[in-house]
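Chemist: CSV, C-alpha atoms and all ligand atoms, saved as query-v2.csv, coming up:
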```csv
chain,number,residue,atom,x,y,z
A,1,MET,CA,65.3,-50.7,21.6
A,2,ILE,CA,61.6,-50.0,21.4
A,3,LYS,CA,61.0,-51.9,24.7
A,4,ASN,CA,62.7,-49.1,26.5
A,5,PHE,CA,59.7,-46.8,25.8
A,6,ILE,CA,57.1,-47.5,28.4
A,7,TYR,CA,55.6,-44.2,29.5
A,8,CYS,CA,54.4,-41.3,27.3
A,9,PRO,CA,56.8,-38.4,27.4
A,10,ARG,CA,53.9,-36.0,27.1
A,11,CYS,CA,51.2,-37.2,29.5
A,12,LYS,CA,53.1,-40.0,31.4
A,13,GLY,CA,50.4,-42.6,30.5
A,14,LEU,CA,51.3,-46.1,29.4
A,15,LEU,CA,52.4,-46.2,25.8
A,16,LYS,CA,51.2,-48.8,23.3
A,17,ARG,CA,53.7,-50.4,21.0
A,18,ILE,CA,52.1,-50.7,17.5
A,19,ASP,CA,55.0,-52.5,15.9
A,20,GLY,CA,58.8,-52.7,16.0
A,21,ARG,CA,59.2,-49.0,15.4
A,22,LEU,CA,56.0,-47.2,16.2
A,23,ILE,CA,54.8,-46.1,19.6
A,24,ASP,CA,51.4,-44.5,20.4
A,25,CYS,CA,49.8,-43.1,23.5
A,26,PRO,CA,46.1,-44.1,23.7
A,27,LYS,CA,45.4,-41.3,26.1
A,28,CYS,CA,46.9,-38.1,24.5
A,29,HIS,CA,47.7,-39.6,21.0
A,30,PHE,CA,51.4,-38.9,21.1
A,31,HIS,CA,52.6,-40.8,18.1
A,32,PHE,CA,56.3,-41.5,17.5
A,33,TYR,CA,58.3,-43.4,14.9
A,34,LEU,CA,61.7,-44.7,15.8
A,35,ALA,CA,64.1,-44.0,13.0
A,36,PRO,CA,67.7,-45.1,12.6
A,37,ALA,CA,70.3,-42.6,13.7
A,38,GLN,CA,72.1,-41.4,10.6
A,39,THR,CA,75.8,-41.5,10.4
A,40,THR,CA,78.6,-41.0,7.9
A,41,ALA,CA,81.8,-42.7,7.1
A,42,LEU,CA,84.7,-41.9,4.8
A,43,ILE,CA,86.8,-44.3,2.7
A,44,MET,CA,89.8,-42.2,1.9
A,45,GLU,CA,92.6,-43.6,-0.2
A,46,ASN,CA,96.1,-42.3,-0.7
A,47,SER,CA,98.2,-42.5,-3.9
A,48,LYS,CA,99.7,-45.8,-2.8
A,49,ARG,CA,96.2,-47.3,-2.8
A,50,GLN,CA,96.0,-47.5,1.0
A,51,ILE,CA,92.9,-46.8,3.0
A,52,LEU,CA,92.9,-44.6,6.1
A,53,LEU,CA,91.5,-46.3,9.2
A,54,THR,CA,91.1,-44.7,12.6
A,55,LYS,CA,91.4,-46.3,16.0
A,56,ARG,CA,88.5,-45.7,18.4
A,57,LYS,CA,89.4,-44.0,21.7
A,58,PHE,CA,86.2,-44.7,23.5
A,59,ALA,CA,83.4,-47.3,23.9
A,60,PRO,CA,81.7,-48.9,22.1
A,61,LYS,CA,84.3,-50.9,20.3
A,62,LYS,CA,87.2,-49.1,21.9
A,63,ASN,CA,90.5,-49.8,20.2
A,64,TYR,CA,88.9,-51.3,17.2
A,65,TRP,CA,89.7,-49.9,13.7
A,66,ASP,CA,87.0,-47.7,12.2
A,67,LEU,CA,86.4,-45.4,9.3
A,68,PRO,CA,86.4,-41.7,10.2
A,69,GLY,CA,82.9,-40.1,10.4
A,70,GLY,CA,80.1,-39.9,13.0
A,71,PHE,CA,76.6,-39.0,13.8
A,72,ILE,CA,74.7,-36.5,11.7
A,73,ASN,CA,73.4,-33.5,13.6
A,74,PHE,CA,70.0,-31.8,13.0
A,75,LYS,CA,69.9,-29.4,10.1
A,76,GLU,CA,73.1,-30.8,8.7
A,77,THR,CA,73.6,-32.6,5.4
A,78,ALA,CA,75.5,-35.8,5.2
A,79,GLU,CA,78.3,-34.0,3.3
A,80,GLU,CA,78.5,-31.2,5.9
A,81,SER,CA,78.5,-33.7,8.7
A,82,LEU,CA,81.3,-35.7,7.2
A,83,ARG,CA,83.4,-32.6,6.5
A,84,ARG,CA,82.9,-31.5,10.1
A,85,GLU,CA,83.8,-34.9,11.5
A,86,ILE,CA,86.9,-35.2,9.4
A,87,LYS,CA,88.0,-31.7,10.6
A,88,GLU,CA,87.3,-32.7,14.2
A,89,GLU,CA,88.9,-36.1,14.0
A,90,LEU,CA,91.8,-35.7,11.6
A,91,ASN,CA,92.1,-31.9,11.3
A,92,ILE,CA,92.0,-31.9,7.5
A,93,THR,CA,89.7,-30.2,5.1
A,94,LEU,CA,87.9,-32.4,2.6
A,95,LYS,CA,87.6,-31.2,-0.9
A,96,GLN,CA,85.9,-33.7,-3.3
A,97,LEU,CA,83.5,-36.2,-1.9
A,98,THR,CA,81.8,-39.0,-3.8
A,99,TYR,CA,78.8,-40.9,-2.5
A,100,PHE,CA,79.5,-44.6,-2.2
A,101,GLY,CA,76.6,-46.4,-0.6
A,102,SER,CA,74.5,-46.8,2.6
A,103,TYR,CA,74.8,-49.5,5.3
A,104,TRP,CA,72.8,-50.3,8.3
A,105,SER,CA,74.1,-51.4,11.7
A,106,TYR,CA,73.6,-51.5,15.4
A,107,TYR,CA,75.4,-49.2,17.8
A,108,PRO,CA,75.4,-50.8,21.2
A,109,TYR,CA,75.8,-48.1,23.9
A,110,LYS,CA,75.1,-48.4,27.6
A,111,LYS,CA,73.0,-51.6,27.2
A,112,ILE,CA,70.8,-50.2,24.4
A,113,ARG,CA,71.2,-51.3,20.8
A,114,TYR,CA,70.6,-48.3,18.6
A,115,GLN,CA,69.8,-48.8,15.0
A,116,THR,CA,71.9,-46.8,12.7
A,117,LEU,CA,72.1,-46.0,8.9
A,118,CYS,CA,75.5,-45.0,7.6
A,119,LEU,CA,76.1,-43.0,4.4
A,120,ALA,CA,79.5,-43.9,3.1
A,121,PHE,CA,81.6,-41.6,0.9
A,122,THR,CA,84.9,-41.9,-0.8
A,123,SER,CA,87.7,-39.3,-1.2
A,124,HIS,CA,91.3,-39.1,-2.2
A,125,TYR,CA,93.9,-38.1,0.4
A,126,ASP,CA,95.8,-35.1,-0.9
A,127,GLY,CA,98.7,-35.2,1.7
A,128,GLN,CA,97.4,-32.6,4.2
A,129,LYS,CA,99.0,-33.0,7.6
A,130,ILE,CA,96.8,-35.2,9.8
A,131,SER,CA,96.6,-34.8,13.6
A,132,VAL,CA,94.2,-37.0,15.5
A,133,ASN,CA,91.7,-35.5,17.9
A,134,ASP,CA,88.2,-35.9,19.4
A,135,ASP,CA,87.2,-39.6,19.7
A,136,VAL,CA,90.1,-40.9,17.6
A,137,LYS,CA,93.2,-42.5,19.3
A,138,ASP,CA,95.3,-43.1,16.2
A,139,TYR,CA,95.2,-43.6,12.5
A,140,ARG,CA,97.0,-45.6,9.9
A,141,PHE,CA,96.9,-46.2,6.1
A,142,PHE,CA,96.3,-49.9,5.3
A,143,SER,CA,96.9,-51.7,2.1
A,144,TYR,CA,93.9,-53.6,0.8
A,145,LYS,CA,95.5,-56.9,2.0
A,146,GLN,CA,96.3,-55.5,5.5
A,147,ILE,CA,92.6,-54.8,6.3
A,148,SER,CA,91.3,-57.6,8.5
A,149,LEU,CA,87.5,-57.3,8.9
A,150,ASP,CA,87.4,-59.0,12.3
A,151,LYS,CA,89.3,-56.0,13.8
A,152,ILE,CA,86.8,-53.5,12.3
A,153,SER,CA,84.3,-51.8,14.7
A,154,PHE,CA,80.7,-52.2,13.4
A,155,VAL,CA,78.8,-54.2,10.8
A,156,ASP,CA,78.1,-51.1,8.6
A,157,ILE,CA,81.8,-50.3,8.4
A,158,LYS,CA,82.7,-53.9,7.7
A,159,THR,CA,80.2,-54.1,4.9
A,160,ALA,CA,81.2,-50.8,3.4
A,161,LEU,CA,84.8,-51.9,3.4
A,162,LYS,CA,84.0,-55.3,2.0
A,163,ASP,CA,82.0,-53.7,-0.8
A,164,TYR,CA,84.8,-51.2,-1.5
A,165,LEU,CA,87.5,-53.9,-1.7
A,166,LYS,CA,85.3,-56.0,-4.0
A,167,ARG,CA,84.7,-53.0,-6.3
A,168,VAL,CA,88.4,-52.0,-6.5
A,169,SER,CA,89.6,-55.5,-7.1
A,170,SER,CA,87.1,-56.4,-9.9
B,1,ZN,ZN,50.3,-39.5,26.2
```
Reformat the file's structure so that it appears as structure tokens.
Modeler:
Amino acid sequence: MIKNFIYCPRCKGLLKRIDGRLIDCPKCHFHFYLAPAQTTALIMENSKRQILLTKRKFAPKKNYWDLPGGFINFKETAEESLRREIKEELNITLKQLTYFGSYWSYYPYKKIRYQTLCLAFTSHYDGQKISVNDDVKDYRFFSYKQISLDKISFVDIKTALKDYLKRVSS
């Protein structure tokens, strides 16, 4: 990822890579830390102890199963972001949200591997009518046993689900 930064966006001089995430311009002293893009994900269970997964409509990982959620905008908290994404993707309004854990991953997009950090939350599904929209093609509630991790989109989502399944079965 950092190899894509060659010229200074301020003075157009050659940038110097200090380490894996810090770039510096020796000419104008433009200094920039690359940080992971923050995302959210929701593990939502219904009363039959099934977890909602969404099917991705677009690349990357088109047609893979995913947790609902997405990228956090500027001036948005993780909770606000997740509520917005859930409204956009499933057209439901989340009430209670519980923080579950954070998970890093790569997000490969147009030949660049972006580093991401996902904040995962849990919630209980209260039966509101779901209609899929935005970047979601379909959704389904899966029992714990039906979830096969090799059909799951990204490393962070896989790890979050693995952790969750471990926690509920112990
Ligand atoms: Zn510069």
Chemist: All residues within 10 Å of ligand ZN 1 (chain B) are required, counting only C-alpha atoms and all ligand atoms; please report them as a list in words.
Modeler: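 Every residue with an atom at most 10 Å from ligand ZN 1 (chain B) is listed here: Tyr7, Cys8, Pro9, Arg10, Cys11, Lys12, Gly13, Leu14, Leu15, Lys16, Asp24, Cys25, Pro26, Lys27, Cys28, His29, Phe30 and His31 of chain A.
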Chemist: Can I get the residues of stretch 4-88 of chain A within 12 Å of stretch 135-153 of chain A, each with the closest pair of atoms and their distance in Å to one decimal, using all atoms listed in the file, sorted chain first then ascending number, as a Markdown table?
Modeler:
```
| residue | atom | partner | partner_atom | distance |
| --- | --- | --- | --- | --- |
| A:Ile43 | CA | A:Phe141 | CA | 10.8 |
| A:Met44 | CA | A:Phe141 | CA | 9.2 |
| A:Glu45 | CA | A:Phe141 | CA | 8.1 |
| A:Asn46 | CA | A:Phe141 | CA | 7.9 |
| A:Ser47 | CA | A:Phe141 | CA | 10.7 |
| A:Lys48 | CA | A:Ser143 | CA | 8.2 |
| A:Arg49 | CA | A:Ser143 | CA | 6.6 |
| A:Gln50 | CA | A:Ser143 | CA | 4.4 |
| A:Ile51 | CA | A:Phe141 | CA | 5.1 |
| A:Leu52 | CA | A:Phe141 | CA | 4.3 |
| A:Leu53 | CA | A:Arg140 | CA | 5.6 |
| A:Thr54 | CA | A:Tyr139 | CA | 4.2 |
| A:Lys55 | CA | A:Asp138 | CA | 5.0 |
| A:Arg56 | CA | A:Val136 | CA | 5.1 |
| A:Lys57 | CA | A:Lys137 | CA | 4.7 |
| A:Phe58 | CA | A:Asp135 | CA | 6.4 |
| A:Ala59 | CA | A:Asp135 | CA | 9.6 |
| A:Pro60 | CA | A:Ser153 | CA | 8.4 |
| A:Lys61 | CA | A:Ser153 | CA | 5.7 |
| A:Lys62 | CA | A:Ser153 | CA | 8.2 |
| A:Asn63 | CA | A:Lys137 | CA | 7.8 |
| A:Tyr64 | CA | A:Ser153 | CA | 5.3 |
| A:Trp65 | CA | A:Ile152 | CA | 4.8 |
| A:Asp66 | CA | A:Ser153 | CA | 5.5 |
| A:Leu67 | CA | A:Ser153 | CA | 8.6 |
| A:Pro68 | CA | A:Val136 | CA | 8.3 |
| A:Gly69 | CA | A:Val136 | CA | 10.2 |
| A:Gly70 | CA | A:Asp135 | CA | 9.8 |
| A:Glu85 | CA | A:Asp135 | CA | 10.0 |
| A:Ile86 | CA | A:Val136 | CA | 10.5 |
| A:Lys87 | CA | A:Val136 | CA | 11.7 |
| A:Glu88 | CA | A:Asp135 | CA | 8.8 |
```
Chemist: Which distance in Å separates atom CA of A:Ser131 and atom CA of A:Glu89, to one decimal?
Modeler: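 Between atom CA of A:Ser131 and atom CA of A:Glu89 the gap works out to 7.8 Å.
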Chemist: Have a look at A:Tyr33, A:Tyr125, A:Tyr164, A:Phe154 and name the one nearest to A:Gly101; count all atoms listed in the file.
Modeler: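 When distances to A:Gly101 are compared using all atoms listed in the file, the smallest one comes from A:Tyr164.
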Chemist: Around the point (86.5, -41.2, -4.8), in the coordinates given by the file, pick out the residues reaching within 10 Å, counting all atoms listed in the file, and return them as number ranges by chain.
Modeler: A: 42-45, 96-100, 121-125
Chemist: Which value, in Å to one decimal, gives the distance between atom CA of A:Thr77 and atom CA of A:Arg113?
Modeler: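 Here the two named atoms are 24.3 Å from each other.
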Chemist: Using Å and a single decimal, report how far atom CA of A:Leu90 sits from atom CA of A:Ala41.
Modeler: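 Separation between atom CA of A:Ala41 and atom CA of A:Leu90: 13.0 Å.
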Chemist: List as a list in words the protein and nucleic acid residues near A:Asp156, meaning an atom at most 6 Å away when all atoms listed in the file are counted, but skip any in the same chain fewer than 6 places from it.
Modeler: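 Everything that qualifies: Tyr103, Trp104 and Ser105 of chain A.
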Chemist: Take the residues that were just selected and, keeping C-alpha atoms, output them as a tab-separated table (two decimals), in the frame of the given file.
Modeler:
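What ended up in out20.tsv:
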```
chain	number	residue	atom	x	y	z
A	103	TYR	CA	74.80	-49.50	5.30
A	104	TRP	CA	72.80	-50.30	8.30
A	105	SER	CA	74.10	-51.40	11.70
```
